[in-house]
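**Student:** Input file: start-v1.csv. Contents: CSV, C-alpha atoms.
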```
chain,number,residue,atom,x,y,z
A,229,MET,CA,49.5,148.1,135.4
A,230,SER,CA,50.3,147.4,131.8
A,231,GLY,CA,52.6,144.4,131.3
A,232,VAL,CA,51.8,142.9,134.6
A,233,LYS,CA,50.7,139.3,134.3
A,234,ARG,CA,48.2,138.0,136.8
A,235,LYS,CA,48.2,134.3,137.8
A,236,ARG,CA,44.9,132.9,136.8
A,237,ASN,CA,43.5,130.1,138.9
A,238,CYS,CA,41.5,127.5,137.0
A,239,LEU,CA,39.9,124.2,138.0
A,240,ASN,CA,41.4,121.1,136.4
A,241,VAL,CA,39.2,118.5,134.8
A,242,LYS,CA,39.2,116.2,137.9
A,243,GLN,CA,38.1,119.1,140.1
A,244,LYS,CA,35.3,120.1,137.7
A,245,LEU,CA,34.1,116.5,137.5
A,246,GLU,CA,34.0,116.2,141.3
A,247,ILE,CA,31.9,119.4,141.6
A,248,LEU,CA,29.5,118.2,138.8
A,249,GLN,CA,29.1,114.8,140.6
A,250,LYS,CA,28.2,116.6,143.8
A,251,LEU,CA,25.6,118.6,141.9
A,252,ASP,CA,24.2,115.4,140.3
A,253,ASN,CA,23.9,113.9,143.8
A,254,GLY,CA,21.9,116.9,145.0
A,255,GLU,CA,24.7,118.2,147.1
A,256,SER,CA,25.6,121.9,147.4
A,257,ALA,CA,28.7,122.8,145.5
A,258,ASN,CA,28.3,126.6,145.5
A,259,THR,CA,31.6,127.2,147.4
A,260,ASP,CA,33.5,124.1,146.3
A,261,ALA,CA,35.0,125.9,143.3
A,262,GLU,CA,36.2,128.8,145.4
A,263,ASP,CA,37.6,126.5,148.0
A,264,VAL,CA,39.6,124.5,145.4
A,265,LEU,CA,40.9,127.7,143.8
A,266,ASN,CA,41.9,129.2,147.2
A,267,GLN,CA,43.5,126.0,148.7
A,268,GLY,CA,47.0,127.2,148.3
A,269,ASN,CA,46.2,130.7,149.6
A,270,THR,CA,44.1,129.9,152.6
A,271,ILE,CA,44.9,130.5,156.3
A,272,SER,CA,43.0,128.9,159.1
A,273,HIS,CA,40.7,131.0,161.2
A,274,SER,CA,42.7,130.2,164.4
A,275,ALA,CA,46.0,131.3,162.7
A,276,ALA,CA,44.4,134.5,161.5
A,277,LEU,CA,42.9,135.2,165.0
A,278,GLN,CA,46.3,134.6,166.6
A,279,SER,CA,47.9,137.0,164.1
A,280,VAL,CA,45.3,139.7,164.7
A,281,GLU,CA,45.6,139.3,168.5
A,282,THR,CA,49.4,139.6,168.2
A,283,LEU,CA,48.8,142.8,166.2
A,284,LEU,CA,46.5,144.1,168.9
A,285,ASP,CA,49.2,143.5,171.5
A,286,TYR,CA,51.7,145.4,169.4
A,287,MET,CA,49.3,148.3,168.8
A,288,GLY,CA,48.6,148.5,172.6
A,289,GLN,CA,52.4,148.6,173.4
A,290,ARG,CA,53.1,151.3,170.8
A,291,GLY,CA,50.2,153.5,171.8
A,292,PHE,CA,48.2,153.4,168.6
A,293,ASP,CA,45.0,155.5,168.2
A,294,TYR,CA,41.9,154.0,169.9
A,295,GLY,CA,40.0,154.1,166.6
A,296,ASP,CA,42.7,151.9,164.9
A,297,ILE,CA,42.7,149.4,167.8
A,298,TYR,CA,38.9,149.3,167.7
A,299,ALA,CA,38.9,148.5,164.0
A,300,VAL,CA,41.3,145.6,164.6
A,301,ARG,CA,39.2,144.3,167.5
A,302,LYS,CA,36.2,144.3,165.1
A,303,ILE,CA,38.3,142.0,162.9
A,304,CYS,CA,38.8,139.6,165.9
A,305,VAL,CA,35.1,139.6,166.5
A,306,HIS,CA,34.4,138.7,162.9
A,307,ILE,CA,36.9,135.9,162.9
A,308,ARG,CA,35.4,134.4,166.1
A,309,GLN,CA,31.9,134.6,164.6
A,310,GLU,CA,33.2,132.7,161.6
A,311,ILE,CA,34.8,130.1,163.8
A,312,ASN,CA,31.6,129.7,165.8
A,313,LYS,CA,29.5,129.4,162.6
A,314,GLN,CA,31.8,126.7,161.3
A,315,GLN,CA,31.6,124.8,164.6
A,316,LYS,CA,27.8,124.9,164.6
A,317,GLN,CA,27.8,123.6,161.0
A,318,ARG,CA,30.1,120.7,162.0
A,319,ASN,CA,28.0,119.9,165.1
A,320,ILE,CA,24.8,119.8,162.9
A,321,THR,CA,26.6,117.6,160.3
A,322,ASP,CA,27.9,115.3,163.0
A,323,PHE,CA,24.4,115.0,164.6
A,324,LEU,CA,22.8,114.2,161.2
A,325,LYS,CA,25.4,111.5,160.4
A,326,LYS,CA,24.4,109.6,163.5
```
Now that the file is in, can you turn its structure into structure tokens?

**Tutor:**
Amino acid sequence: MSGVKRKRNCLNVKQKLEILQKLDNGESANTDAEDVLNQGNTISHSAALQSVETLLDYMGQRGFDYGDIYAVRKICVHIRQEINKQQKQRNITDFLKK
């Protein structure tokens, strides 16, 4: 891959300061940097789940191998688990804010 330039994501000064301020306030900032860097490249869990379910429908119509369909179903399960985990975190946060 010689000669191929890779786009490098870097935090700007403002983003670095925001993360440092969170750390100073005792907040967790372990994933903030990753979140900022991936902002332009993210897809919501619900959009991903819808895409994977559409793929499952397609695979079922085309008669794909059961092993392949099973692997895609495992992806659906993983996405749903992530959705549930985020919902629990939001519920806890909302409860603690009251």

**Student:** Calculated over only C-alpha atoms, which of the candidates A:Ile297, A:His273, A:Thr282, A:Phe292 has the smallest distance to Gln315 (chain A)?

**Tutor:**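 Looking only at the distances to Gln315 (chain A), the closest residue turns out to be A:His273.
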
**Student:** Point out the residue among A:Gln289, A:Asn319, A:Gln249, A:Ser279 with the least atom-to-atom distance to Cys304 (chain A), counting all atoms listed in the file.

**Tutor:**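 Closest to Cys304 (chain A) of all the choices is A:Ser279.
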
**Student:** Which one of A:Arg301, A:Gln314, A:Ala275, A:Glu246 sits closest to Met287 (chain A) if you count only C-alpha atoms?

**Tutor:**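 Looking only at the distances to Met287 (chain A), the closest residue turns out to be A:Arg301.
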
**Student:** How many Å separate CA of Ile307 (chain A) from CA of Glu281 (chain A)?

**Tutor:**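 Here the two named atoms are 10.9 Å from each other.
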